[in-house]
Amino acid sequence: MSEPVGCDESARARKKKGLWFALGAVGACVLLLTGSFALSQRETGKIAHGVHIGEFDVSNLSRDEARAKMNAWIEAHANASIACTLAGSELAFVPKNAGFHGDDSVVERALVLGRQGSIPVRFAAFVARWFRPVVVPIAANFEAPKLDSMLNAWQSEKIKDHPFVGGISVSGTIVTPLYAHAGTVIDRERASAQLKESAQSGHGAAIATRLESPNEDRVEVDHIATLAASMLTSDIELGAPSGAQKLSLGAAEIAPLLQVKAETEHGKLALFCEPEAAEKLLEPRRAELAQAPQNAKFVIDAEDHVKVEPGHAGLTLDDTEVANAICAAAQDPAKKAVLPLRAGAEPVLSTAQAEALGIKSLMGTYTTRHACCQPRVENIHHIADLLDGTVVKPGDTFSVNQTIGPRTQKNGFRPAPSIEDGDMVDTVGGGVSQFATTLFNALFYGGYDIIERQPHTYWFTRYPMGYDATLSFPHPDIIFKNDTDAGALIKTSYTDKSITVKIYGDNGGRKVRAEVSPRQNIVEPPIEYIPNRHLDADEKKTREGGEIGWSVIVKRTLVFADGKTKEEKRKVTYKPRARRVEVHPCKIPEGELGHTGEKCPKPDPDKDGESVATDGSTK
């Protein structure tokens, strides 16, 4: 019995409709893939879809974005601590310690995937990556020096049965041969691959090792032992070529230096003296054998002429060279060798530099005097010691304050009287102004260009009128410029009662004429009233007599070798010192400090000698 015609046509229609639907879906997918492919081909600066670097997806990332993602992965793995084992011992492997790092070329390889070949080939690869991503392996590696250093440390610390190439044992001066034997070493090639895998996976590994058997030559070891024994038969001596330094060593001192090593080039054993052991041996004697650099010196004779005493470079001892010399002497029949001294640091002032300064003779000198044994004298002597031997090069400017620094007890100064705001007070460094006056006059008469100098507020009889100078920090200062073609050497000396400064150099033959005018602009001393109620109204007591003030004109005339002259003038003013008088408060005039306006008490002759005030109180 046949099916109805209407049912058959309906089934065919449904099949046809389904086919068209499927074809439409496929077409839509094709259109979608084609559009995505077209868009991806335009984005040439980004990685294609479906590309992975190692375990992470880098689809559609730019070069910098992919590199940052890979570097973050590398850093995380580099800082991980991975548990491994070596020869039965546990150890923590941190890839960063072996210089674990990535290779940026991986990103460049990822960028070109899907960008090469014909359009159909690229489209086919694009479609395939939608279903199965293409993985570019991470290229990571170690820095060879860091990896070797880490493996060397593990070899030394974790492996107990090291291979031994042969050597000697020395006890006292008795030498015993030690013969070669096999031992365990890290298999460097396999271990490197294991560690690379562990760094990337985070899983530990049992580090590969292998048995190493050195070439055993008992005759060679016996020869080394015999040679070592012959080196310990007597004392040795190392001497400098000049004969000034000698180093004598006994056999017992040489013995700890003897070591054996295998020469990698020839595979033979060699006996040598260990530099580190030589360093310990030399340390207590180094000071007497080596020499510090010696500056050239300026020597001054009785006629104030200057000569240069030569300086020299330092002499040093290199531990390796000394160790080699010890071995050479120990093998020498005469038991002697040269002490290997080498040139060390150059002096700050070489002989040539000192001679080039052209310092020939005395240019200026001055002496001031003071009372003995006061605290200020210690400060004068201290600053003199600090500046003694100072050399100011031609054209340079010299400042006392910049050279000495603040006057503090830490810097060696002590409290002593000085002038501060016109009053005498104790300050640290008090008295250094006397040195300033002495230095200023030496420079003045030496004809040098004096840039800064300040006279005292008051005149002191121990200083030359108009030619004194004061000093404080940071100002006033003594500053001068060496305006000659030769260096200026400052030399100081002192006694218990005097200080002398001398300037040596060569000022080109200039002469100095000095003049000071008579006193002018005399100012009478003011009166300073000091209240004292224990005094009668008509009674006065002078505490300080005071001193007038005045001015002088100081002139210096420089006469140069060519006959030209230069005249310098300066006005120096000294303030008057107040006359200090004690009086009853009622006697202090109006306008003066301490004035009260009170009336003076009147004496009462009927009160048995007592003074009776107008208010009836007794005085």
# chains A, B, ... in the order shown; residues from 1 in each chain; ligands from 1
call {"tool": "select_by_dssp", "arguments": {"residues": "region 347-530 of chain A", "states": "helix (DSSP H, G or I)", "output": "mmCIF file with all heavy atoms, in the first residue's frame"}}
result
data_model
loop_
_atom_site.group_PDB
_atom_site.id
_atom_site.type_symbol
_atom_site.label_atom_id
_atom_site.label_comp_id
_atom_site.auth_asym_id
_atom_site.auth_seq_id
_atom_site.Cartn_x
_atom_site.Cartn_y
_atom_site.Cartn_z
ATOM 1 N N THR A 351 108.424 65.402 44.065
ATOM 2 C CA THR A 351 109.620 66.241 43.983
ATOM 3 C C THR A 351 109.498 67.242 42.839
ATOM 4 O O THR A 351 109.796 68.436 43.002
ATOM 5 C CB THR A 351 110.864 65.355 43.789
ATOM 6 O OG1 THR A 351 110.919 64.397 44.852
ATOM 7 C CG2 THR A 351 112.132 66.194 43.786
ATOM 8 N N ALA A 352 109.043 66.768 41.693
ATOM 9 C CA ALA A 352 108.908 67.655 40.531
ATOM 10 C C ALA A 352 107.892 68.759 40.800
ATOM 11 O O ALA A 352 108.107 69.921 40.429
ATOM 12 C CB ALA A 352 108.499 66.841 39.309
ATOM 13 N N GLN A 353 106.772 68.405 41.450
ATOM 14 C CA GLN A 353 105.761 69.409 41.757
ATOM 15 C C GLN A 353 106.299 70.455 42.729
ATOM 16 O O GLN A 353 106.042 71.653 42.575
ATOM 17 C CB GLN A 353 104.524 68.735 42.341
ATOM 18 C CG GLN A 353 103.736 67.902 41.339
ATOM 19 C CD GLN A 353 102.657 67.075 42.008
ATOM 20 O OE1 GLN A 353 102.783 66.665 43.167
ATOM 21 N NE2 GLN A 353 101.586 66.800 41.274
ATOM 22 N N ALA A 354 107.030 69.996 43.741
ATOM 23 C CA ALA A 354 107.588 70.930 44.722
ATOM 24 C C ALA A 354 108.585 71.877 44.071
ATOM 25 O O ALA A 354 108.589 73.085 44.344
ATOM 26 C CB ALA A 354 108.241 70.155 45.863
ATOM 27 N N GLU A 355 109.443 71.342 43.223
ATOM 28 C CA GLU A 355 110.442 72.193 42.571
ATOM 29 C C GLU A 355 109.777 73.175 41.613
ATOM 30 O O GLU A 355 110.223 74.324 41.472
ATOM 31 C CB GLU A 355 111.452 71.325 41.830
ATOM 32 C CG GLU A 355 112.351 70.524 42.777
ATOM 33 C CD GLU A 355 113.266 69.553 42.056
ATOM 34 O OE1 GLU A 355 112.985 69.254 40.867
ATOM 35 O OE2 GLU A 355 114.239 69.084 42.674
ATOM 36 N N ALA A 356 108.679 72.743 40.958
ATOM 37 C CA ALA A 356 107.985 73.615 40.014
ATOM 38 C C ALA A 356 107.317 74.796 40.710
ATOM 39 O O ALA A 356 107.027 75.807 40.062
ATOM 40 C CB ALA A 356 106.940 72.819 39.236
ATOM 41 N N PRO A 375 95.229 80.489 78.774
ATOM 42 C CA PRO A 375 94.473 79.590 77.891
ATOM 43 C C PRO A 375 94.506 80.027 76.433
ATOM 44 O O PRO A 375 94.533 79.187 75.526
ATOM 45 C CB PRO A 375 93.054 79.656 78.467
ATOM 46 C CG PRO A 375 93.247 79.999 79.910
ATOM 47 C CD PRO A 375 94.444 80.901 79.953
ATOM 48 N N ARG A 376 94.503 81.363 76.182
ATOM 49 C CA ARG A 376 94.515 81.849 74.808
ATOM 50 C C ARG A 376 95.781 81.435 74.066
ATOM 51 O O ARG A 376 95.763 81.274 72.837
ATOM 52 C CB ARG A 376 94.354 83.378 74.772
ATOM 53 C CG ARG A 376 95.520 84.136 75.386
ATOM 54 C CD ARG A 376 95.216 85.632 75.503
ATOM 55 N NE ARG A 376 94.929 86.250 74.230
ATOM 56 C CZ ARG A 376 95.859 86.716 73.411
ATOM 57 N NH1 ARG A 376 97.150 86.603 73.724
ATOM 58 N NH2 ARG A 376 95.522 87.277 72.267
ATOM 59 N N VAL A 377 96.871 81.245 74.807
ATOM 60 C CA VAL A 377 98.135 80.874 74.172
ATOM 61 C C VAL A 377 98.026 79.479 73.549
ATOM 62 O O VAL A 377 98.583 79.217 72.477
ATOM 63 C CB VAL A 377 99.292 80.946 75.182
ATOM 64 C CG1 VAL A 377 100.593 80.453 74.545
ATOM 65 C CG2 VAL A 377 99.462 82.376 75.689
ATOM 66 N N GLU A 378 97.286 78.582 74.200
ATOM 67 C CA GLU A 378 97.115 77.241 73.647
ATOM 68 C C GLU A 378 96.380 77.297 72.306
ATOM 69 O O GLU A 378 96.696 76.547 71.378
ATOM 70 C CB GLU A 378 96.340 76.365 74.637
ATOM 71 C CG GLU A 378 97.097 76.097 75.934
ATOM 72 C CD GLU A 378 96.344 75.157 76.845
ATOM 73 O OE1 GLU A 378 95.635 74.257 76.321
ATOM 74 O OE2 GLU A 378 96.451 75.295 78.071
ATOM 75 N N ASN A 379 95.397 78.204 72.200
ATOM 76 C CA ASN A 379 94.687 78.365 70.930
ATOM 77 C C ASN A 379 95.592 78.946 69.853
ATOM 78 O O ASN A 379 95.530 78.542 68.689
ATOM 79 C CB ASN A 379 93.463 79.262 71.124
ATOM 80 C CG ASN A 379 92.387 78.601 71.968
ATOM 81 O OD1 ASN A 379 92.201 77.387 71.921
ATOM 82 N ND2 ASN A 379 91.679 79.394 72.753
ATOM 83 N N ILE A 380 96.441 79.899 70.232
ATOM 84 C CA ILE A 380 97.397 80.492 69.277
ATOM 85 C C ILE A 380 98.331 79.412 68.748
ATOM 86 O O ILE A 380 98.571 79.307 67.539
ATOM 87 C CB ILE A 380 98.193 81.628 69.944
ATOM 88 C CG1 ILE A 380 97.261 82.781 70.332
ATOM 89 C CG2 ILE A 380 99.299 82.126 69.017
ATOM 90 C CD1 ILE A 380 97.917 83.835 71.202
ATOM 91 N N HIS A 381 98.846 78.595 69.641
ATOM 92 C CA HIS A 381 99.768 77.534 69.223
ATOM 93 C C HIS A 381 99.052 76.488 68.359
ATOM 94 O O HIS A 381 99.629 75.966 67.391
ATOM 95 C CB HIS A 381 100.375 76.870 70.457
ATOM 96 C CG HIS A 381 101.319 77.755 71.207
ATOM 97 N ND1 HIS A 381 101.944 77.367 72.374
ATOM 98 C CD2 HIS A 381 101.750 79.018 70.959
ATOM 99 C CE1 HIS A 381 102.716 78.353 72.810
ATOM 100 N NE2 HIS A 381 102.603 79.366 71.962
ATOM 101 N N HIS A 382 97.800 76.189 68.708
ATOM 102 C CA HIS A 382 97.078 75.151 67.965
ATOM 103 C C HIS A 382 96.816 75.578 66.528
ATOM 104 O O HIS A 382 97.043 74.800 65.582
ATOM 105 C CB HIS A 382 95.755 74.835 68.674
ATOM 106 C CG HIS A 382 94.985 73.719 68.043
ATOM 107 N ND1 HIS A 382 95.526 72.466 67.826
ATOM 108 C CD2 HIS A 382 93.708 73.672 67.541
ATOM 109 C CE1 HIS A 382 94.625 71.692 67.245
ATOM 110 N NE2 HIS A 382 93.519 72.402 67.057
ATOM 111 N N ILE A 383 96.333 76.807 66.316
ATOM 112 C CA ILE A 383 96.062 77.247 64.946
ATOM 113 C C ILE A 383 97.358 77.396 64.168
ATOM 114 O O ILE A 383 97.405 77.142 62.961
ATOM 115 C CB ILE A 383 95.245 78.565 64.941
ATOM 116 C CG1 ILE A 383 94.682 78.812 63.539
ATOM 117 C CG2 ILE A 383 96.065 79.747 65.420
ATOM 118 C CD1 ILE A 383 93.684 79.953 63.477
ATOM 119 N N ALA A 384 98.453 77.743 64.855
ATOM 120 C CA ALA A 384 99.759 77.818 64.190
ATOM 121 C C ALA A 384 100.191 76.442 63.703
ATOM 122 O O ALA A 384 100.703 76.292 62.586
ATOM 123 C CB ALA A 384 100.797 78.399 65.135
ATOM 124 N N ASP A 385 99.978 75.413 64.532
ATOM 125 C CA ASP A 385 100.337 74.047 64.132
ATOM 126 C C ASP A 385 99.501 73.582 62.941
ATOM 127 O O ASP A 385 100.005 72.899 62.035
ATOM 128 C CB ASP A 385 100.132 73.084 65.303
ATOM 129 C CG ASP A 385 101.164 73.272 66.411
ATOM 130 O OD1 ASP A 385 102.252 73.814 66.117
ATOM 131 O OD2 ASP A 385 100.877 72.895 67.557
ATOM 132 N N LEU A 386 98.206 73.947 62.940
ATOM 133 C CA LEU A 386 97.326 73.504 61.860
ATOM 134 C C LEU A 386 97.715 74.109 60.510
ATOM 135 O O LEU A 386 97.545 73.475 59.464
ATOM 136 C CB LEU A 386 95.872 73.864 62.183
ATOM 137 C CG LEU A 386 95.223 73.116 63.357
ATOM 138 C CD1 LEU A 386 93.830 73.665 63.628
ATOM 139 C CD2 LEU A 386 95.154 71.620 63.085
ATOM 140 N N LEU A 387 98.247 75.318 60.514
ATOM 141 C CA LEU A 387 98.577 75.998 59.258
ATOM 142 C C LEU A 387 100.049 75.882 58.875
ATOM 143 O O LEU A 387 100.421 76.251 57.761
ATOM 144 C CB LEU A 387 98.190 77.479 59.348
ATOM 145 C CG LEU A 387 96.688 77.765 59.345
ATOM 146 C CD1 LEU A 387 96.417 79.252 59.495
ATOM 147 C CD2 LEU A 387 96.055 77.258 58.056
ATOM 148 N N VAL A 400 91.818 81.467 55.826
ATOM 149 C CA VAL A 400 92.086 80.788 57.098
ATOM 150 C C VAL A 400 90.861 79.998 57.542
ATOM 151 O O VAL A 400 90.954 78.834 57.929
ATOM 152 C CB VAL A 400 92.503 81.803 58.184
ATOM 153 C CG1 VAL A 400 92.561 81.124 59.555
ATOM 154 C CG2 VAL A 400 93.859 82.416 57.857
ATOM 155 N N ASN A 401 89.675 80.604 57.457
ATOM 156 C CA ASN A 401 88.465 79.931 57.944
ATOM 157 C C ASN A 401 88.109 78.708 57.116
ATOM 158 O O ASN A 401 87.672 77.687 57.652
ATOM 159 C CB ASN A 401 87.287 80.915 57.963
ATOM 160 C CG ASN A 401 87.316 81.817 59.182
ATOM 161 O OD1 ASN A 401 87.901 81.477 60.205
ATOM 162 N ND2 ASN A 401 86.700 82.986 59.068
ATOM 163 N N GLN A 402 88.278 78.781 55.802
ATOM 164 C CA GLN A 402 87.989 77.607 54.977
ATOM 165 C C GLN A 402 88.975 76.483 55.264
ATOM 166 O O GLN A 402 88.626 75.303 55.166
ATOM 167 C CB GLN A 402 88.041 77.984 53.497
ATOM 168 C CG GLN A 402 86.846 78.788 53.027
ATOM 169 C CD GLN A 402 86.866 79.037 51.532
ATOM 170 O OE1 GLN A 402 87.746 78.557 50.825
ATOM 171 N NE2 GLN A 402 85.900 79.798 51.044
ATOM 172 N N THR A 403 90.199 76.837 55.602
ATOM 173 C CA THR A 403 91.223 75.817 55.861
ATOM 174 C C THR A 403 91.068 75.209 57.248
ATOM 175 O O THR A 403 91.158 73.983 57.416
ATOM 176 C CB THR A 403 92.623 76.437 55.719
ATOM 177 O OG1 THR A 403 92.747 77.028 54.426
ATOM 178 C CG2 THR A 403 93.699 75.382 55.900
ATOM 179 N N ILE A 404 90.824 76.036 58.263
ATOM 180 C CA ILE A 404 90.775 75.568 59.654
ATOM 181 C C ILE A 404 89.385 75.084 60.041
ATOM 182 O O ILE A 404 89.219 74.121 60.762
ATOM 183 C CB ILE A 404 91.234 76.689 60.618
ATOM 184 C CG1 ILE A 404 92.667 77.090 60.303
ATOM 185 C CG2 ILE A 404 91.106 76.242 62.067
ATOM 186 C CD1 ILE A 404 93.671 75.982 60.435
ATOM 187 N N VAL A 432 92.898 83.511 68.910
ATOM 188 C CA VAL A 432 93.379 83.246 67.551
ATOM 189 C C VAL A 432 93.556 84.531 66.756
ATOM 190 O O VAL A 432 94.252 84.544 65.732
ATOM 191 C CB VAL A 432 92.441 82.283 66.801
ATOM 192 C CG1 VAL A 432 92.438 80.913 67.447
ATOM 193 C CG2 VAL A 432 91.023 82.840 66.706
ATOM 194 N N SER A 433 92.941 85.636 67.241
ATOM 195 C CA SER A 433 93.135 86.905 66.534
ATOM 196 C C SER A 433 94.593 87.360 66.589
ATOM 197 O O SER A 433 95.044 88.081 65.698
ATOM 198 C CB SER A 433 92.221 87.978 67.119
ATOM 199 O OG SER A 433 90.877 87.739 66.751
ATOM 200 N N GLN A 434 95.310 86.939 67.633
ATOM 201 C CA GLN A 434 96.730 87.298 67.664
ATOM 202 C C GLN A 434 97.479 86.598 66.539
ATOM 203 O O GLN A 434 98.359 87.181 65.899
ATOM 204 C CB GLN A 434 97.361 86.940 69.018
ATOM 205 C CG GLN A 434 98.857 87.240 69.048
ATOM 206 C CD GLN A 434 99.368 87.659 70.387
ATOM 207 O OE1 GLN A 434 98.618 87.750 71.357
ATOM 208 N NE2 GLN A 434 100.653 87.949 70.472
ATOM 209 N N PHE A 435 97.095 85.348 66.257
ATOM 210 C CA PHE A 435 97.703 84.672 65.107
ATOM 211 C C PHE A 435 97.309 85.378 63.822
ATOM 212 O O PHE A 435 98.123 85.540 62.911
ATOM 213 C CB PHE A 435 97.265 83.208 65.054
ATOM 214 C CG PHE A 435 97.818 82.481 63.864
ATOM 215 C CD1 PHE A 435 99.095 81.944 63.894
ATOM 216 C CD2 PHE A 435 97.089 82.376 62.681
ATOM 217 C CE1 PHE A 435 99.625 81.298 62.783
ATOM 218 C CE2 PHE A 435 97.609 81.740 61.569
ATOM 219 C CZ PHE A 435 98.886 81.202 61.620
ATOM 220 N N ALA A 436 96.033 85.822 63.723
ATOM 221 C CA ALA A 436 95.576 86.524 62.522
ATOM 222 C C ALA A 436 96.391 87.787 62.284
ATOM 223 O O ALA A 436 96.785 88.089 61.148
ATOM 224 C CB ALA A 436 94.092 86.863 62.650
ATOM 225 N N THR A 437 96.656 88.536 63.356
ATOM 226 C CA THR A 437 97.469 89.757 63.230
ATOM 227 C C THR A 437 98.873 89.416 62.742
ATOM 228 O O THR A 437 99.434 90.085 61.867
ATOM 229 C CB THR A 437 97.534 90.479 64.583
ATOM 230 O OG1 THR A 437 96.225 90.956 64.910
ATOM 231 C CG2 THR A 437 98.500 91.659 64.532
ATOM 232 N N THR A 438 99.437 88.350 63.279
ATOM 233 C CA THR A 438 100.798 87.956 62.907
ATOM 234 C C THR A 438 100.854 87.516 61.452
ATOM 235 O O THR A 438 101.755 87.914 60.698
ATOM 236 C CB THR A 438 101.281 86.822 63.829
ATOM 237 O OG1 THR A 438 100.978 87.138 65.192
ATOM 238 C CG2 THR A 438 102.783 86.614 63.698
ATOM 239 N N LEU A 439 99.881 86.700 61.024
ATOM 240 C CA LEU A 439 99.829 86.251 59.637
ATOM 241 C C LEU A 439 99.607 87.428 58.692
ATOM 242 O O LEU A 439 100.268 87.530 57.644
ATOM 243 C CB LEU A 439 98.698 85.224 59.473
ATOM 244 C CG LEU A 439 98.391 84.767 58.036
ATOM 245 C CD1 LEU A 439 99.601 84.069 57.421
ATOM 246 C CD2 LEU A 439 97.163 83.849 58.018
ATOM 247 N N PHE A 440 98.686 88.325 59.069
ATOM 248 C CA PHE A 440 98.406 89.478 58.212
ATOM 249 C C PHE A 440 99.666 90.311 57.965
ATOM 250 O O PHE A 440 99.955 90.706 56.830
ATOM 251 C CB PHE A 440 97.325 90.352 58.856
ATOM 252 C CG PHE A 440 97.244 91.730 58.267
ATOM 253 C CD1 PHE A 440 96.718 91.933 56.996
ATOM 254 C CD2 PHE A 440 97.723 92.833 58.967
ATOM 255 C CE1 PHE A 440 96.662 93.203 56.444
ATOM 256 C CE2 PHE A 440 97.674 94.104 58.421
ATOM 257 C CZ PHE A 440 97.139 94.292 57.156
ATOM 258 N N ASN A 441 100.428 90.565 58.992
ATOM 259 C CA ASN A 441 101.627 91.385 58.825
ATOM 260 C C ASN A 441 102.691 90.684 57.985
ATOM 261 O O ASN A 441 103.390 91.324 57.194
ATOM 262 C CB ASN A 441 102.190 91.778 60.195
ATOM 263 C CG ASN A 441 101.466 92.969 60.789
ATOM 264 O OD1 ASN A 441 101.818 94.107 60.525
ATOM 265 N ND2 ASN A 441 100.435 92.700 61.586
ATOM 266 N N ALA A 442 102.822 89.362 58.141
ATOM 267 C CA ALA A 442 103.777 88.624 57.312
ATOM 268 C C ALA A 442 103.379 88.727 55.840
ATOM 269 O O ALA A 442 104.233 88.920 54.962
ATOM 270 C CB ALA A 442 103.848 87.169 57.758
ATOM 271 N N LEU A 443 102.081 88.601 55.557
ATOM 272 C CA LEU A 443 101.592 88.743 54.182
ATOM 273 C C LEU A 443 101.730 90.184 53.690
ATOM 274 O O LEU A 443 102.096 90.430 52.531
ATOM 275 C CB LEU A 443 100.120 88.308 54.102
ATOM 276 C CG LEU A 443 99.831 86.831 54.371
ATOM 277 C CD1 LEU A 443 98.326 86.613 54.570
ATOM 278 C CD2 LEU A 443 100.339 85.966 53.219
ATOM 279 N N PHE A 444 101.448 91.131 54.592
ATOM 280 C CA PHE A 444 101.532 92.566 54.262
ATOM 281 C C PHE A 444 102.946 92.925 53.808
ATOM 282 O O PHE A 444 103.142 93.532 52.756
ATOM 283 C CB PHE A 444 101.115 93.370 55.489
ATOM 284 C CG PHE A 444 101.098 94.850 55.303
ATOM 285 C CD1 PHE A 444 99.946 95.503 54.909
ATOM 286 C CD2 PHE A 444 102.241 95.606 55.538
ATOM 287 C CE1 PHE A 444 99.934 96.884 54.750
ATOM 288 C CE2 PHE A 444 102.239 96.978 55.371
ATOM 289 C CZ PHE A 444 101.075 97.620 54.973
ATOM 290 N N TYR A 445 103.930 92.516 54.593
ATOM 291 C CA TYR A 445 105.316 92.862 54.279
ATOM 292 C C TYR A 445 105.905 91.952 53.194
ATOM 293 O O TYR A 445 106.943 92.272 52.625
ATOM 294 C CB TYR A 445 106.171 92.828 55.539
ATOM 295 C CG TYR A 445 105.866 94.000 56.460
ATOM 296 C CD1 TYR A 445 105.138 93.814 57.623
ATOM 297 C CD2 TYR A 445 106.269 95.281 56.127
ATOM 298 C CE1 TYR A 445 104.828 94.878 58.459
ATOM 299 C CE2 TYR A 445 105.966 96.355 56.951
ATOM 300 C CZ TYR A 445 105.242 96.154 58.111
ATOM 301 O OH TYR A 445 104.931 97.218 58.917
ATOM 302 N N GLY A 446 105.229 90.830 52.910
ATOM 303 C CA GLY A 446 105.659 89.988 51.797
ATOM 304 C C GLY A 446 105.157 90.501 50.456
ATOM 305 O O GLY A 446 105.552 89.987 49.407
#
call {"tool": "residues_around", "arguments": {"residues": "Gly487 (chain A)", "least_positions_apart": "2", "cutoff": "9 Å", "atoms": "only C-alpha atoms", "output": "MDAnalysis selection string"}}
result
chainID A and resid 354 356:359 391:395 482 484:485 489 504:506
call {"tool": "write_last_selection", "arguments": {"atoms": "C-alpha atoms", "output": "PDB file, in the first residue's frame"}}
result
ATOM      1  CA  ALA A 354     107.588  70.930  44.722  1.00  0.00           C
ATOM      2  CA  ALA A 356     107.985  73.615  40.014  1.00  0.00           C
ATOM      3  CA  LEU A 357     106.459  75.809  42.753  1.00  0.00           C
ATOM      4  CA  GLY A 358     109.641  77.900  42.711  1.00  0.00           C
ATOM      5  CA  ILE A 359     109.705  78.618  46.454  1.00  0.00           C
ATOM      6  CA  VAL A 391     101.391  75.850  50.441  1.00  0.00           C
ATOM      7  CA  VAL A 392      99.288  78.260  48.384  1.00  0.00           C
ATOM      8  CA  LYS A 393      99.829  77.712  44.663  1.00  0.00           C
ATOM      9  CA  PRO A 394     100.346  80.623  42.263  1.00  0.00           C
ATOM     10  CA  GLY A 395      97.030  82.276  41.453  1.00  0.00           C
ATOM     11  CA  ASN A 482      98.959  84.483  45.818  1.00  0.00           C
ATOM     12  CA  THR A 484     103.028  85.784  42.293  1.00  0.00           C
ATOM     13  CA  ASP A 485     104.470  83.218  39.908  1.00  0.00           C
ATOM     14  CA  LEU A 489     104.797  78.521  51.897  1.00  0.00           C
ATOM     15  CA  TYR A 504     108.461  81.831  51.759  1.00  0.00           C
ATOM     16  CA  GLY A 505     108.240  82.078  47.994  1.00  0.00           C
ATOM     17  CA  ASP A 506     109.393  84.389  45.217  1.00  0.00           C
TER      18      ASP A 506
END
call {"tool": "atom_distance", "arguments": {"atom1": "CA of Ala296 (chain A)", "atom2": "CA of Pro241 (chain A)"}}
result
23.1 Å
call {"tool": "residues_around", "arguments": {"residues": "Thr226 (chain A)", "least_positions_apart": "6", "cutoff": "10 Å", "atoms": "only C-alpha atoms", "output": "JSON, numbers by chain"}}
result
{"A": [168, 175, 176, 177, 220]}
call {"tool": "write_last_selection", "arguments": {"atoms": "N, CA and C atoms", "output": "JSON list (two decimals), in the first residue's frame"}}
result
[["chain", "number", "residue", "atom", "x", "y", "z"],
["A", 168, "ILE", "N", 99.57, 16.65, 48.81],
["A", 168, "ILE", "CA", 100.44, 16.37, 49.97],
["A", 168, "ILE", "C", 99.75, 16.82, 51.24],
["A", 175, "VAL", "N", 106.37, 16.04, 55.33],
["A", 175, "VAL", "CA", 105.50, 16.00, 54.15],
["A", 175, "VAL", "C", 105.10, 14.55, 53.86],
["A", 176, "THR", "N", 103.79, 14.34, 53.65],
["A", 176, "THR", "CA", 103.27, 13.01, 53.33],
["A", 176, "THR", "C", 102.52, 13.08, 52.00],
["A", 177, "PRO", "N", 102.81, 12.12, 51.06],
["A", 177, "PRO", "CA", 102.09, 12.14, 49.78],
["A", 177, "PRO", "C", 100.65, 11.66, 49.96],
["A", 220, "GLU", "N", 104.15, 10.81, 40.08],
["A", 220, "GLU", "CA", 104.08, 12.28, 40.06],
["A", 220, "GLU", "C", 103.82, 12.84, 41.46]]
call {"tool": "closest_residue", "arguments": {"among": "A:Ile207, A:Ala68, A:Ala488, A:Leu281", "to": "Met363 (chain A)", "atoms": "only C-alpha atoms"}}
result
A:Ala488
call {"tool": "residues_around", "arguments": {"residues": "Ile254 (chain A)", "least_positions_apart": "5", "cutoff": "10 Å", "atoms": "only C-alpha atoms", "output": "JSON list (two decimals) with N, CA and C atoms, in the first residue's frame"}}
result
[["chain", "number", "residue", "atom", "x", "y", "z"],
["A", 172, "GLY", "N", 103.82, 20.18, 60.55],
["A", 172, "GLY", "CA", 105.11, 20.75, 60.94],
["A", 172, "GLY", "C", 105.94, 20.95, 59.70],
["A", 173, "THR", "N", 107.03, 20.21, 59.59],
["A", 173, "THR", "CA", 107.83, 20.23, 58.36],
["A", 173, "THR", "C", 107.90, 18.84, 57.72],
["A", 231, "MET", "N", 112.03, 21.76, 50.15],
["A", 231, "MET", "CA", 111.81, 23.19, 50.36],
["A", 231, "MET", "C", 111.75, 23.55, 51.84],
["A", 232, "LEU", "N", 111.61, 22.56, 52.70],
["A", 232, "LEU", "CA", 111.47, 22.80, 54.13],
["A", 232, "LEU", "C", 112.70, 22.38, 54.92],
["A", 234, "SER", "N", 115.54, 24.29, 55.37],
["A", 234, "SER", "CA", 116.22, 25.38, 56.08],
["A", 234, "SER", "C", 115.45, 26.68, 55.88],
["A", 235, "ASP", "N", 115.92, 27.72, 56.58],
["A", 235, "ASP", "CA", 115.29, 29.04, 56.48],
["A", 235, "ASP", "C", 115.56, 29.65, 55.11],
["A", 236, "ILE", "N", 114.72, 30.63, 54.74],
["A", 236, "ILE", "CA", 114.94, 31.35, 53.48],
["A", 236, "ILE", "C", 115.02, 32.85, 53.77],
["A", 249, "LEU", "N", 112.31, 33.85, 56.75],
["A", 249, "LEU", "CA", 111.25, 32.92, 57.14],
["A", 249, "LEU", "C", 111.84, 31.56, 57.47],
["A", 273, "CYS", "N", 102.82, 28.10, 46.31],
["A", 273, "CYS", "CA", 102.62, 28.72, 47.62],
["A", 273, "CYS", "C", 101.34, 29.53, 47.59],
["A", 277, "ALA", "N", 97.57, 32.38, 52.35],
["A", 277, "ALA", "CA", 98.42, 32.04, 53.49],
["A", 277, "ALA", "C", 99.58, 33.01, 53.60],
["A", 278, "ALA", "N", 100.11, 33.45, 52.44],
["A", 278, "ALA", "CA", 101.20, 34.43, 52.45],
["A", 278, "ALA", "C", 100.72, 35.76, 53.03],
["A", 281, "LEU", "N", 100.79, 35.57, 56.70],
["A", 281, "LEU", "CA", 102.18, 35.56, 57.15],
["A", 281, "LEU", "C", 102.77, 36.97, 57.10],
["A", 323, "ALA", "N", 104.21, 35.23, 47.54],
["A", 323, "ALA", "CA", 104.07, 33.77, 47.66],
["A", 323, "ALA", "C", 104.95, 33.07, 46.63],
["A", 326, "ILE", "N", 108.56, 33.29, 47.71],
["A", 326, "ILE", "CA", 108.86, 32.35, 48.80],
["A", 326, "ILE", "C", 109.12, 30.95, 48.23],
["A", 327, "CYS", "N", 108.27, 30.53, 47.29],
["A", 327, "CYS", "CA", 108.48, 29.22, 46.67],
["A", 327, "CYS", "C", 109.81, 29.17, 45.92],
["A", 330, "ALA", "N", 112.64, 28.93, 48.41],
["A", 330, "ALA", "CA", 112.69, 27.62, 49.06],
["A", 330, "ALA", "C", 113.27, 26.55, 48.14]]
